[in-house]
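S.K.: Dropping in upload_36.txt, with compact mmCIF, C-alpha atoms.
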```txt
# COMPACT_ATOMS: atom_id res chain seq x y z
CA MET A 933 55.00 101.46 94.38
CA PHE A 934 57.09 98.59 95.80
CA ASN A 935 54.14 96.23 96.35
CA GLN A 936 54.60 94.91 92.80
CA LEU A 937 57.82 93.21 93.90
CA ALA A 938 55.70 90.38 95.29
CA GLU A 939 54.05 89.83 91.91
CA ILE A 940 55.84 87.11 90.00
CA ASN A 941 56.77 88.03 86.46
CA GLU A 942 59.28 86.72 83.94
CA ILE A 943 62.06 89.07 85.02
CA ARG A 944 61.76 88.48 88.75
CA ASN A 945 61.39 84.76 88.21
CA SER A 946 64.64 84.73 86.23
CA LEU A 947 66.49 86.51 89.06
CA LYS A 948 65.95 83.86 91.72
CA ILE A 949 68.83 81.74 90.37
CA MET A 950 71.14 84.54 91.56
CA ALA A 951 69.90 84.34 95.16
CA LEU A 952 68.76 80.79 95.88
CA ASN A 953 70.35 80.86 99.34
CA LEU A 954 69.05 84.30 100.24
CA ASN A 955 66.42 84.67 102.97
CA ALA A 956 66.10 88.19 104.31
CA ASN A 957 63.76 91.02 105.26
CA PHE A 958 64.82 94.45 104.10
CA MET A 959 63.20 97.84 104.35
CA ILE A 960 62.71 100.45 101.65
CA SER A 961 61.93 103.94 102.87
CA THR A 962 60.73 106.88 100.81
CA ILE A 963 60.99 109.01 103.99
CA ASP A 964 57.17 109.33 104.16
CA LYS A 965 56.41 105.67 103.58
CA GLU A 966 58.09 102.42 104.56
CA TYR A 967 57.94 98.93 103.08
CA ILE A 968 59.35 95.66 104.39
CA ILE A 969 60.20 93.19 101.66
CA LYS A 970 60.53 89.54 102.59
CA ILE A 971 62.76 87.39 100.38
CA GLU A 972 62.67 83.61 100.57
CA LYS A 973 65.09 81.58 98.46
CA GLY A 974 65.54 84.47 96.05
CA MET A 975 61.85 85.27 95.56
CA VAL A 976 59.91 88.14 97.12
CA SER A 977 57.23 86.37 99.11
CA GLU A 978 55.65 89.39 100.80
CA VAL A 979 55.69 93.20 100.86
CA LYS A 980 54.36 94.81 104.05
CA ASN A 981 53.34 98.46 104.07
CA GLY A 982 54.13 100.70 107.04
CA PRO A 983 53.84 102.50 109.32
CA PHE A 984 55.54 99.97 111.56
CA ILE A 985 55.76 100.05 115.34
CA MET A 986 58.58 97.55 115.85
CA PRO A 987 59.92 96.69 112.38
CA SER A 988 62.45 93.89 112.10
CA TYR A 989 64.72 93.95 109.09
CA THR A 990 68.31 93.25 108.08
CA PHE A 991 69.11 96.40 106.14
CA LYS A 992 67.35 99.51 104.94
CA LEU A 993 67.48 101.58 101.74
CA THR A 994 66.33 105.17 102.28
CA ALA A 995 65.83 107.76 99.54
CA PRO A 996 63.24 110.49 98.94
CA LEU A 997 60.23 109.46 96.84
CA GLU A 998 61.34 111.83 94.09
CA GLU A 999 64.65 109.94 93.77
CA TRP A 1000 62.93 106.53 93.68
CA ASN A 1001 60.67 107.84 90.93
CA LYS A 1002 63.69 108.95 88.91
CA PHE A 1003 65.36 105.56 89.46
CA LEU A 1004 62.24 103.75 88.26
CA LYS A 1005 61.89 105.54 84.91
CA ALA A 1006 62.04 103.22 81.88
CA ILE A 1007 65.33 104.84 80.89
CA PRO A 1008 66.65 106.68 83.94
CA LYS A 1009 68.82 109.71 83.50
CA PRO A 1010 72.54 109.67 84.39
CA GLY A 1011 73.00 109.58 88.15
CA SER A 1012 69.61 107.92 88.69
CA HIS A 1013 70.21 104.68 86.78
CA ASP A 1014 71.81 102.57 89.51
CA LEU A 1015 71.59 102.17 93.29
CA ILE A 1016 75.28 102.99 93.70
CA ALA A 1017 74.77 106.07 91.51
CA LEU A 1018 72.21 107.26 94.08
CA LEU A 1019 74.74 106.54 96.81
CA ARG A 1020 77.37 108.55 94.93
CA ARG A 1021 75.00 111.55 94.83
CA LYS A 1022 74.32 111.03 98.54
CA VAL A 1023 70.55 110.75 97.99
CA LEU A 1024 70.46 107.09 99.05
CA LYS A 1025 71.44 105.83 102.48
CA ILE A 1026 72.03 102.13 103.07
CA ASP A 1027 72.32 100.99 106.66
CA GLY A 1028 72.03 97.91 108.84
CA ASN A 1029 73.73 94.57 108.19
CA LEU A 1030 74.86 95.08 104.61
CA HIS A 1031 76.18 91.58 104.01
CA PRO A 1032 73.04 90.16 102.34
CA PHE A 1033 72.84 93.27 100.15
CA MET A 1034 76.49 93.45 99.10
CA SER A 1035 76.86 89.70 98.59
CA HIS A 1036 73.83 89.81 96.25
CA LEU A 1037 74.41 93.29 94.85
CA LEU A 1038 73.50 92.57 91.24
CA TYR A 1039 70.38 90.71 92.36
CA PHE A 1040 69.13 93.69 94.37
CA LYS A 1041 69.97 96.14 91.59
CA LEU A 1042 68.04 94.08 89.05
CA LEU A 1043 65.20 93.29 91.45
CA LEU A 1044 64.46 96.97 91.99
CA ALA A 1045 65.05 97.74 88.31
CA SER A 1046 62.41 95.11 87.51
CA LEU A 1047 59.83 97.70 88.58
CA ARG A 1048 60.80 99.86 85.63
CA PRO A 1049 58.41 99.75 82.68
CA LYS A 1050 59.76 97.41 79.96
CA GLU A 1051 63.17 97.13 81.62
CA LYS A 1052 65.14 94.21 80.19
CA ILE A 1053 67.67 92.15 82.13
CA MET B 769 81.39 75.54 58.52
CA LYS B 770 83.42 78.59 57.57
CA ILE B 771 84.22 80.82 60.53
CA LYS B 772 85.20 84.46 60.63
CA ILE B 773 88.71 84.75 62.04
CA GLU B 774 89.43 88.09 63.69
CA PRO B 775 92.60 90.01 62.70
CA ILE B 776 93.90 89.96 66.32
CA THR B 777 97.12 88.19 67.29
CA GLY B 778 98.06 87.42 70.90
CA HIS B 779 101.60 87.23 72.31
CA TYR B 780 103.38 86.57 75.59
CA GLY B 781 106.60 88.36 76.48
CA ASN B 782 108.85 88.74 79.50
CA PHE B 783 109.38 92.33 80.58
CA ASN B 784 111.51 93.83 83.32
CA PHE B 785 109.43 96.28 85.34
CA ASP B 786 111.31 97.86 88.27
CA GLY B 787 113.87 95.04 88.30
CA VAL B 788 111.26 92.25 88.45
CA ASN B 789 110.42 89.89 85.60
CA HIS B 790 106.81 90.04 84.44
CA ARG B 791 105.18 87.63 81.98
CA ILE B 792 102.81 89.87 80.06
CA TYR B 793 100.14 89.04 77.52
CA TRP B 794 99.15 91.47 74.80
CA GLU B 795 97.01 91.53 71.69
CA GLU B 796 97.47 93.62 68.60
CA ALA B 797 96.13 94.29 65.14
CA GLY B 798 96.68 96.82 62.36
CA GLN B 799 99.64 98.79 61.12
CA GLY B 800 100.98 102.30 61.36
CA ILE B 801 101.08 104.59 64.37
CA PRO B 802 101.26 102.57 67.60
CA LEU B 803 98.09 103.06 69.68
CA VAL B 804 98.61 101.51 73.11
CA CYS B 805 95.32 101.00 74.97
CA LEU B 806 95.02 100.69 78.75
CA HIS B 807 92.14 98.76 80.30
CA THR B 808 90.18 99.71 83.41
CA ALA B 809 90.73 98.59 87.01
CA GLY B 810 89.91 94.94 87.62
CA SER B 811 89.40 94.06 83.96
CA ASP B 812 91.63 93.19 80.98
CA GLY B 813 92.44 93.98 77.37
CA ARG B 814 89.31 92.35 75.96
CA GLN B 815 87.61 95.68 76.62
CA TYR B 816 89.20 96.91 73.38
CA ARG B 817 87.93 94.02 71.21
CA ALA B 818 85.99 96.37 68.96
CA LEU B 819 88.97 98.62 68.25
CA LEU B 820 91.10 95.58 67.50
CA ASN B 821 88.54 94.60 64.89
CA ASP B 822 87.82 97.99 63.36
CA ALA B 823 89.13 98.08 59.78
CA LYS B 824 89.02 101.87 59.58
CA ILE B 825 91.28 102.27 62.62
CA LEU B 826 93.55 99.34 61.74
CA LYS B 827 94.37 100.92 58.39
CA ASN B 828 96.42 103.66 60.05
CA PHE B 829 97.04 102.47 63.59
CA ARG B 830 98.77 99.48 65.15
CA VAL B 831 96.40 98.91 68.07
CA ILE B 832 98.15 97.20 70.98
CA VAL B 833 96.46 96.19 74.25
CA PHE B 834 98.29 94.56 77.14
CA ASP B 835 96.86 92.92 80.21
CA MET B 836 98.37 94.49 83.32
CA PRO B 837 100.19 92.14 85.70
CA TRP B 838 97.59 90.14 87.74
CA HIS B 839 94.95 90.80 85.04
CA GLY B 840 93.62 88.74 82.14
CA LYS B 841 96.28 86.37 80.82
CA SER B 842 99.26 88.21 82.35
CA SER B 843 100.85 86.53 85.36
CA PRO B 844 101.31 88.02 88.81
CA PRO B 845 105.01 88.84 89.26
CA GLU B 846 107.29 86.36 91.00
CA GLY B 847 106.81 86.21 94.78
CA SER B 848 103.21 87.46 94.72
CA LYS B 849 100.76 86.65 97.53
CA ILE B 850 96.97 86.85 97.63
CA GLY B 851 95.67 90.03 99.25
CA HIS B 852 98.87 92.01 98.92
CA TYR B 853 98.28 93.56 95.51
CA LYS B 854 98.17 97.36 95.44
CA LEU B 855 98.70 99.36 92.27
CA SER B 856 100.84 102.44 92.79
CA THR B 857 101.40 105.36 90.45
CA LYS B 858 105.08 104.47 90.20
CA SER B 859 104.51 100.82 89.30
CA TYR B 860 101.75 101.68 86.80
CA ILE B 861 104.03 104.12 84.98
CA SER B 862 106.85 101.54 85.01
CA GLN B 863 104.54 98.97 83.37
CA ILE B 864 103.50 101.33 80.59
CA LEU B 865 106.97 102.69 79.83
CA GLY B 866 108.51 99.22 80.17
CA PHE B 867 105.98 97.73 77.80
CA ILE B 868 106.54 100.48 75.23
CA ASP B 869 110.34 100.13 75.50
CA GLY B 870 110.08 96.33 75.29
CA LEU B 871 108.18 96.53 72.02
CA GLU B 872 110.48 99.34 70.81
CA LEU B 873 107.52 101.55 70.01
CA ILE B 874 108.51 105.02 68.83
CA ASN B 875 106.33 107.97 69.85
CA PRO B 876 103.13 105.99 70.41
CA VAL B 877 99.67 107.28 71.18
CA VAL B 878 98.41 106.04 74.56
CA MET B 879 94.71 105.81 75.29
CA GLY B 880 93.53 104.77 78.76
CA CYS B 881 90.16 104.41 80.42
CA SER B 882 89.33 105.05 84.09
CA ILE B 883 92.58 104.22 85.92
CA GLY B 884 94.06 104.43 82.42
CA GLY B 885 92.40 107.81 82.01
CA ARG B 886 94.07 108.91 85.24
CA ILE B 887 97.55 107.59 84.44
CA ILE B 888 97.65 109.43 81.12
CA LEU B 889 97.57 112.62 83.20
CA HIS B 890 100.71 111.49 85.01
CA LEU B 891 102.29 110.58 81.67
CA ALA B 892 101.36 114.02 80.32
CA SER B 893 102.91 115.68 83.35
CA ASP B 894 106.15 113.68 83.59
CA HIS B 895 106.84 111.98 80.24
CA GLU B 896 105.10 114.03 77.57
CA GLU B 897 108.12 113.90 75.22
CA LYS B 898 107.60 110.16 74.71
CA PHE B 899 104.12 110.38 73.19
CA ARG B 900 102.55 111.52 69.94
CA ALA B 901 99.27 112.12 71.78
CA LEU B 902 97.41 111.00 74.91
CA ILE B 903 93.72 110.11 75.05
CA GLY B 904 91.90 109.94 78.38
CA LEU B 905 88.57 108.13 78.61
CA GLN B 906 86.64 108.78 81.81
CA SER B 907 89.48 110.88 83.21
CA ALA B 908 89.24 112.59 86.57
CA GLY B 909 92.03 114.12 88.61
CA HIS B 910 90.96 112.42 91.82
CA LEU B 911 88.02 110.51 93.24
CA ASP B 912 86.80 110.53 96.81
CA PRO B 913 85.58 107.06 97.88
CA TYR B 914 81.78 106.84 97.71
CA TYR B 915 81.40 103.23 98.80
CA ASP B 916 83.43 100.96 101.06
CA ILE B 917 85.85 99.15 98.73
CA ASP B 918 86.65 96.55 101.40
CA TRP B 919 83.53 94.73 100.14
CA LEU B 920 85.42 93.94 96.94
CA HIS B 921 87.70 91.46 98.70
CA ARG B 922 86.16 89.53 101.57
CA GLN B 923 86.19 85.80 102.03
CA ASP B 924 82.44 85.81 102.78
CA VAL B 925 81.49 87.63 99.55
CA HIS B 926 82.07 86.20 96.07
CA GLY B 927 84.60 88.57 94.51
CA GLY B 928 83.54 87.96 90.93
CA GLU B 929 79.88 88.60 91.67
CA ILE B 930 80.40 91.84 93.56
CA CYS B 931 83.01 93.25 91.17
CA GLY B 932 80.69 92.46 88.25
CA ALA B 933 77.77 94.11 90.04
CA ILE B 934 79.78 97.28 90.67
CA ALA B 935 80.89 97.43 87.03
CA TYR B 936 77.38 96.74 85.71
CA GLY B 937 75.95 99.84 87.37
CA LEU B 938 78.60 102.10 85.87
CA MET B 939 77.30 101.43 82.37
CA ALA B 940 74.52 103.25 80.54
CA PRO B 941 71.10 101.58 80.49
CA THR B 942 71.04 102.46 76.79
CA SER B 943 74.15 100.40 75.97
CA PRO B 944 73.48 97.07 74.21
CA GLU B 945 72.78 94.34 76.76
CA GLU B 946 75.16 91.81 75.19
CA GLU B 947 78.07 94.27 75.39
CA ARG B 948 77.15 95.23 78.95
CA PHE B 949 77.07 91.56 79.91
CA GLU B 950 80.49 90.88 78.37
CA THR B 951 81.96 93.94 80.10
CA MET B 952 80.55 92.73 83.43
CA TRP B 953 81.80 89.20 82.77
CA HIS B 954 85.40 90.42 82.45
CA TYR B 955 85.04 91.81 85.98
CA MET B 956 83.57 88.56 87.21
CA GLN B 957 86.73 86.77 86.03
CA GLY B 958 89.18 88.96 87.95
CA GLY B 959 91.39 87.46 90.67
CA PRO B 960 90.79 87.96 94.41
CA GLY B 961 91.61 91.48 95.54
CA VAL B 962 92.79 92.70 92.13
CA PHE B 963 90.00 95.22 91.50
CA LYS B 964 90.39 96.52 95.04
CA GLY B 965 94.17 96.69 94.58
CA ASP B 966 93.74 98.78 91.42
CA LEU B 967 91.38 101.12 93.24
CA PHE B 968 94.17 101.93 95.68
CA PHE B 969 95.71 103.82 92.76
CA TYR B 970 92.39 105.24 91.56
CA LYS B 971 91.09 106.51 94.89
CA PHE B 972 94.28 107.25 96.81
CA ASP B 973 97.80 106.99 95.39
CA GLY B 974 97.01 108.25 91.87
CA ASN B 975 95.48 111.58 92.87
CA ILE B 976 97.02 113.98 90.36
CA GLY B 977 96.74 116.98 92.70
CA ASN B 978 98.54 120.15 91.71
CA LYS B 979 100.64 118.32 89.12
CA ILE B 980 97.74 118.89 86.77
CA LYS B 981 98.88 122.49 86.44
CA GLU B 982 102.25 121.31 85.08
CA ILE B 983 100.69 119.68 82.03
CA ASP B 984 101.68 121.51 78.85
CA ASN B 985 99.22 120.59 76.13
CA SER B 986 101.39 122.21 73.45
CA LYS B 987 104.09 119.55 73.89
CA CYS B 988 101.76 116.58 73.62
CA PRO B 989 98.13 116.85 72.49
CA ILE B 990 95.63 115.58 75.05
CA PHE B 991 92.09 114.49 74.30
CA LEU B 992 89.52 113.86 77.02
CA LEU B 993 86.28 111.94 76.34
CA THR B 994 83.75 110.99 79.01
CA GLY B 995 80.46 109.08 78.90
CA GLU B 996 77.44 110.86 80.34
CA TYR B 997 76.29 107.88 82.45
CA ASP B 998 79.55 107.56 84.37
CA TYR B 999 79.07 108.39 88.04
CA SER B 1000 82.62 107.40 88.97
CA ALA B 1001 84.44 109.91 86.77
CA THR B 1002 81.58 112.24 85.93
CA PRO B 1003 81.48 114.55 82.89
CA GLU B 1004 81.59 117.48 85.32
CA GLU B 1005 84.86 116.21 86.79
CA THR B 1006 86.42 115.69 83.36
CA LYS B 1007 85.25 119.18 82.36
CA SER B 1008 86.97 120.69 85.37
CA LEU B 1009 90.13 118.81 84.43
CA ALA B 1010 89.89 119.89 80.79
CA ASP B 1011 89.45 123.53 81.80
CA THR B 1012 92.57 123.36 83.98
CA ILE B 1013 94.66 121.81 81.21
CA GLY B 1014 93.14 124.06 78.57
CA VAL B 1015 91.64 121.43 76.26
CA ASN B 1016 88.12 120.61 75.13
CA MET B 1017 86.17 117.84 76.81
CA ILE B 1018 84.06 115.60 74.61
CA LYS B 1019 80.93 114.39 76.38
CA MET B 1020 79.70 111.11 74.94
CA LYS B 1021 75.97 110.49 75.00
CA ASN B 1022 74.44 107.11 75.80
CA VAL B 1023 77.58 105.56 77.28
CA GLY B 1024 78.94 105.15 80.79
CA HIS B 1025 82.29 104.23 82.35
CA PHE B 1026 83.40 101.68 79.72
CA PRO B 1027 82.68 103.32 76.33
CA MET B 1028 84.95 101.08 74.20
CA SER B 1029 83.46 97.93 75.68
CA GLU B 1030 79.84 98.66 76.67
CA ASN B 1031 78.86 100.47 73.45
CA PRO B 1032 81.67 100.37 70.88
CA LYS B 1033 79.45 101.52 68.02
CA GLU B 1034 78.55 104.74 69.82
CA PHE B 1035 82.11 105.24 71.12
CA LEU B 1036 83.74 104.96 67.71
CA LYS B 1037 81.64 107.87 66.45
CA TYR B 1038 83.49 110.03 68.96
CA LEU B 1039 86.90 108.38 68.56
CA TYR B 1040 87.24 108.60 64.77
CA PRO B 1041 87.57 112.42 64.65
CA VAL B 1042 90.15 112.31 67.46
CA LEU B 1043 92.27 109.75 65.61
CA ASP B 1044 91.90 111.74 62.38
CA GLU B 1045 93.32 114.75 64.19
CA ILE B 1046 96.26 112.72 65.48
CA LEU B 1047 97.13 111.34 62.01
```
Since I need it in another form, could you write the structure as structure tokens?
M.R.:
Amino acid sequence: MFNQLAEINEIRNSLKIMALNLNANFMISTIDKEYIIKIEKGMVSEVKNGPFIMPSYTFKLTAPLEEWNKFLKAIPKPGSHDLIALLRRKVLKIDGNLHPFMSHLLYFKLLLASLRPKEKI
Amino acid sequence: MKIKIEPITGHYGNFNFDGVNHRIYWEEAGQGIPLVCLHTAGSDGRQYRALLNDAKILKNFRVIVFDMPWHGKSSPPEGSKIGHYKLSTKSYISQILGFIDGLELINPVVMGCSIGGRIILHLASDHEEKFRALIGLQSAGHLDPYYDIDWLHRQDVHGGEICGAIAYGLMAPTSPEEERFETMWHYMQGGPGVFKGDLFFYKFDGNIGNKIKEIDNSKCPIFLLTGEYDYSATPEETKSLADTIGVNMIKMKNVGHFPMSENPKEFLKYLYPVLDEIL
């Protein structure tokens, strides 16, 4: 489900201006599956699919698949509409070096929301 | 080209809050019953731009919105230093009562959102005789921290960008994008450490605790309205509060933490009947 992040579209292309100095690898976990997303100068250049033996990443977002699916609805329900909303409900865990994530918080929110069908920025 | 001039006028005034001079900016429009509006943490009075332009409300209410010290066009008080700002319950109440006294407002209605929705509970508990009615938007009695607010003021993170990002997520995805963007932009314009300083009140000092049981709704009518997409002050938390006070909670669909700013059109549908009841 997260492999599409590497596909350039209008929304993701418009986001790079918010993260031109960002180069990072981060992991998304659905508990059962893991993805490592590589960002270069604000663009997702690669998505690797796990399982990984010795993964190297800066930070990791972990939530059950069911919660990611709710987050990725075209119009998510209250409590599933934002990454921090998931954190508030304690269904998302964010760990590792959080500086790249928090210093580009809107970018990461919109990047993941770009996977929603017909989501506008 | 003929432009449309809004009915809002802006003013600066010098107020004495707790013995210290404060240069405060406020905007107002309309005539009739004073309706003092309190903005959210880390933002300013522009959040109420729709109310200040709403002919139906302005016919019966004098809508007045001030920027808190450190916010919007109001100055920090004399002797201020970066990083030392912390809003306390005592100073917040002093600002509101001092502003009302300064403008010689008699028996106003006060409507506050978020931190404003919290402080109206303190006003209801300790100063209910001063108000015609109190309206809480996104009110909750307390809020346990659910993210590390130290991120809001660090020299290696752009304060405007992170405060805007936090505010953006608190809005409903169904709110109009242009209003969401403007609401976020107000947060992006806040000074260093101001949002975090306001949250000291919201998450720690302003906890209403058992004082909530002292609120007597018969002395001063209280109205509580909360947007369904708010995960900071959730509808469930406002409902619990409303049950304790003994009032109805109005749950607003398709709005989040900033109803008056992120989706004014939807918000006004809920506000009109409340104001009609107050008239």
S.K.: Check which residues of chain B sit at most 7 Å from chain A using all atoms listed in the file, and return one row each with the closest pair of atoms and their distance in Å to one decimal, ordered by chain and rising number, as a Markdown table.
M.R.:
```
| residue | atom | partner | partner_atom | distance |
| --- | --- | --- | --- | --- |
| B:Tyr914 | CA | A:Arg1020 | CA | 5.5 |
| B:Val925 | CA | A:Ser1035 | CA | 5.2 |
| B:His926 | CA | A:Ser1035 | CA | 6.8 |
| B:Ile930 | CA | A:Leu1037 | CA | 6.3 |
| B:Ala933 | CA | A:Leu1038 | CA | 4.7 |
| B:Gly937 | CA | A:Asp1014 | CA | 5.4 |
| B:Pro941 | CA | A:Ile1007 | CA | 6.6 |
| B:Glu996 | CA | A:Pro1010 | CA | 6.5 |
| B:Tyr997 | CA | A:Pro1010 | CA | 4.6 |
| B:Tyr999 | CA | A:Ala1017 | CA | 6.0 |
```
S.K.: For the selection you just gave me, I'd like the residues written to a file as an mmCIF file, in the frame of the given file, keeping C-alpha atoms.
M.R.:
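Dumped to out31.cif:
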```cif
data_model
loop_
_atom_site.group_PDB
_atom_site.id
_atom_site.type_symbol
_atom_site.label_atom_id
_atom_site.label_comp_id
_atom_site.auth_asym_id
_atom_site.auth_seq_id
_atom_site.Cartn_x
_atom_site.Cartn_y
_atom_site.Cartn_z
ATOM 1 C CA TYR B 914 81.780 106.840 97.710
ATOM 2 C CA VAL B 925 81.490 87.630 99.550
ATOM 3 C CA HIS B 926 82.070 86.200 96.070
ATOM 4 C CA ILE B 930 80.400 91.840 93.560
ATOM 5 C CA ALA B 933 77.770 94.110 90.040
ATOM 6 C CA GLY B 937 75.950 99.840 87.370
ATOM 7 C CA PRO B 941 71.100 101.580 80.490
ATOM 8 C CA GLU B 996 77.440 110.860 80.340
ATOM 9 C CA TYR B 997 76.290 107.880 82.450
ATOM 10 C CA TYR B 999 79.070 108.390 88.040
#
```
S.K.: Nearest to Gly1014 in chain B: which of B:Lys1037, B:Pro989, B:Asp835, B:Asp998 is it, counting all atoms listed in the file?
M.R.: B:Pro989
S.K.: Need the neighbours of (58.6, 83.9, 105.3): which residues are at most 9 Å away, counting all atoms listed in the file, as a ChimeraX atom specification?
M.R.: /A:955-957,970-972,977-978
S.K.: Residues within 12 Å of range 933-935 of chain A, please, as a list in words. Count only C-alpha atoms; anything in the same chain fewer than 4 positions from it doesn't count.
M.R.: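 So the residues in contact are Glu939, Ile940, Met959, Ile960, Ser961, Thr962, Lys965, Glu966, Tyr967, Ile968, Ile969, Lys970, Val976, Ser977, Glu978, Val979, Lys980, Asn981, Gly982, Leu997, Trp1000, Asn1001, Leu1004, Leu1043, Leu1044, Ala1045, Ser1046, Leu1047 and Arg1048 of chain A.
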S.K.: Which distance in Å separates CA of Ala938 in chain A and CA of Asp964 in chain A, to one decimal?
M.R.: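 Interatomic distance, CA of Ala938 in chain A to CA of Asp964 in chain A: 21.0 Å.
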S.K.: I'd like the interatomic distance between CA of Asp924 in chain B and CA of Pro987 in chain A, to a tenth of an Å.
M.R.: 26.8 Å
S.K.: What does the distance between CA of Cys931 in chain B and CA of Tyr955 in chain B come to in Å, to one decimal place?
M.R.: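 Spanning CA of Cys931 in chain B to CA of Tyr955 in chain B is a straight-line distance of 5.8 Å.
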S.K.: Measuring atom to atom with all atoms listed in the file, identify which of B:Arg817, B:His890, B:Arg948, B:Lys1007 is nearest to Ser856 in chain B.
M.R.: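 Checking each of B:Arg817, B:His890, B:Arg948, B:Lys1007 against Ser856 in chain B, counting all atoms listed in the file, the winner is B:His890.
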S.K.: With only C-alpha atoms as the counted atoms, please give the residues lying no more than 8 Å from Lys948 in chain A, apart from itself and same-chain residues fewer than 5 positions off, as a list in words.
M.R.: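 My list of contacting residues is Lys973, Gly974 and Met975 of chain A.
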S.K.: For Gly904 in chain B, which residue among B:Lys770, B:His1025, B:Arg830, B:Lys981 is the nearest when counting all atoms listed in the file?
M.R.: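 For Gly904 in chain B, the nearest of the candidates is B:His1025.
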S.K.: Is it possible to add N, CA and C atoms to range 989-1005 of chain A and hand it back as an mmCIF file, keeping the file's coordinate frame?
M.R.:
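The resulting selection.cif:
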```cif
data_model
loop_
_atom_site.group_PDB
_atom_site.id
_atom_site.type_symbol
_atom_site.label_atom_id
_atom_site.label_comp_id
_atom_site.auth_asym_id
_atom_site.auth_seq_id
_atom_site.Cartn_x
_atom_site.Cartn_y
_atom_site.Cartn_z
ATOM 1 N N TYR A 989 64.168 94.099 110.434
ATOM 2 C CA TYR A 989 64.720 93.950 109.090
ATOM 3 C C TYR A 989 66.243 93.907 109.170
ATOM 4 N N THR A 990 66.858 93.429 108.084
ATOM 5 C CA THR A 990 68.310 93.250 108.080
ATOM 6 C C THR A 990 69.034 94.516 107.644
ATOM 7 N N PHE A 991 68.517 95.135 106.598
ATOM 8 C CA PHE A 991 69.110 96.400 106.140
ATOM 9 C C PHE A 991 68.020 97.271 105.552
ATOM 10 N N LYS A 992 68.364 98.532 105.355
ATOM 11 C CA LYS A 992 67.350 99.510 104.940
ATOM 12 C C LYS A 992 67.911 100.425 103.845
ATOM 13 N N LEU A 993 67.117 100.643 102.813
ATOM 14 C CA LEU A 993 67.480 101.580 101.740
ATOM 15 C C LEU A 993 66.564 102.802 101.873
ATOM 16 N N THR A 994 67.134 103.960 102.085
ATOM 17 C CA THR A 994 66.330 105.170 102.280
ATOM 18 C C THR A 994 66.667 106.219 101.223
ATOM 19 N N ALA A 995 65.659 106.654 100.501
ATOM 20 C CA ALA A 995 65.830 107.760 99.540
ATOM 21 C C ALA A 995 64.492 108.474 99.421
ATOM 22 N N PRO A 996 64.506 109.772 99.117
ATOM 23 C CA PRO A 996 63.240 110.490 98.940
ATOM 24 C C PRO A 996 62.437 109.897 97.776
ATOM 25 N N LEU A 997 61.124 109.995 97.875
ATOM 26 C CA LEU A 997 60.230 109.460 96.840
ATOM 27 C C LEU A 997 60.618 109.964 95.444
ATOM 28 N N GLU A 998 60.952 111.222 95.376
ATOM 29 C CA GLU A 998 61.340 111.830 94.090
ATOM 30 C C GLU A 998 62.523 111.080 93.456
ATOM 31 N N GLU A 999 63.479 110.667 94.300
ATOM 32 C CA GLU A 999 64.650 109.940 93.770
ATOM 33 C C GLU A 999 64.270 108.527 93.341
ATOM 34 N N TRP A 1000 63.391 107.866 94.096
ATOM 35 C CA TRP A 1000 62.930 106.530 93.680
ATOM 36 C C TRP A 1000 62.200 106.629 92.349
ATOM 37 N N ASN A 1001 61.405 107.671 92.190
ATOM 38 C CA ASN A 1001 60.670 107.840 90.930
ATOM 39 C C ASN A 1001 61.627 108.020 89.752
ATOM 40 N N LYS A 1002 62.696 108.762 89.981
ATOM 41 C CA LYS A 1002 63.690 108.950 88.910
ATOM 42 C C LYS A 1002 64.386 107.621 88.596
ATOM 43 N N PHE A 1003 64.696 106.858 89.634
ATOM 44 C CA PHE A 1003 65.360 105.560 89.460
ATOM 45 C C PHE A 1003 64.470 104.592 88.673
ATOM 46 N N LEU A 1004 63.165 104.717 88.859
ATOM 47 C CA LEU A 1004 62.240 103.750 88.260
ATOM 48 C C LEU A 1004 61.705 104.160 86.883
ATOM 49 N N LYS A 1005 62.255 105.197 86.292
ATOM 50 C CA LYS A 1005 61.890 105.540 84.910
ATOM 51 C C LYS A 1005 62.340 104.422 83.972
#
```
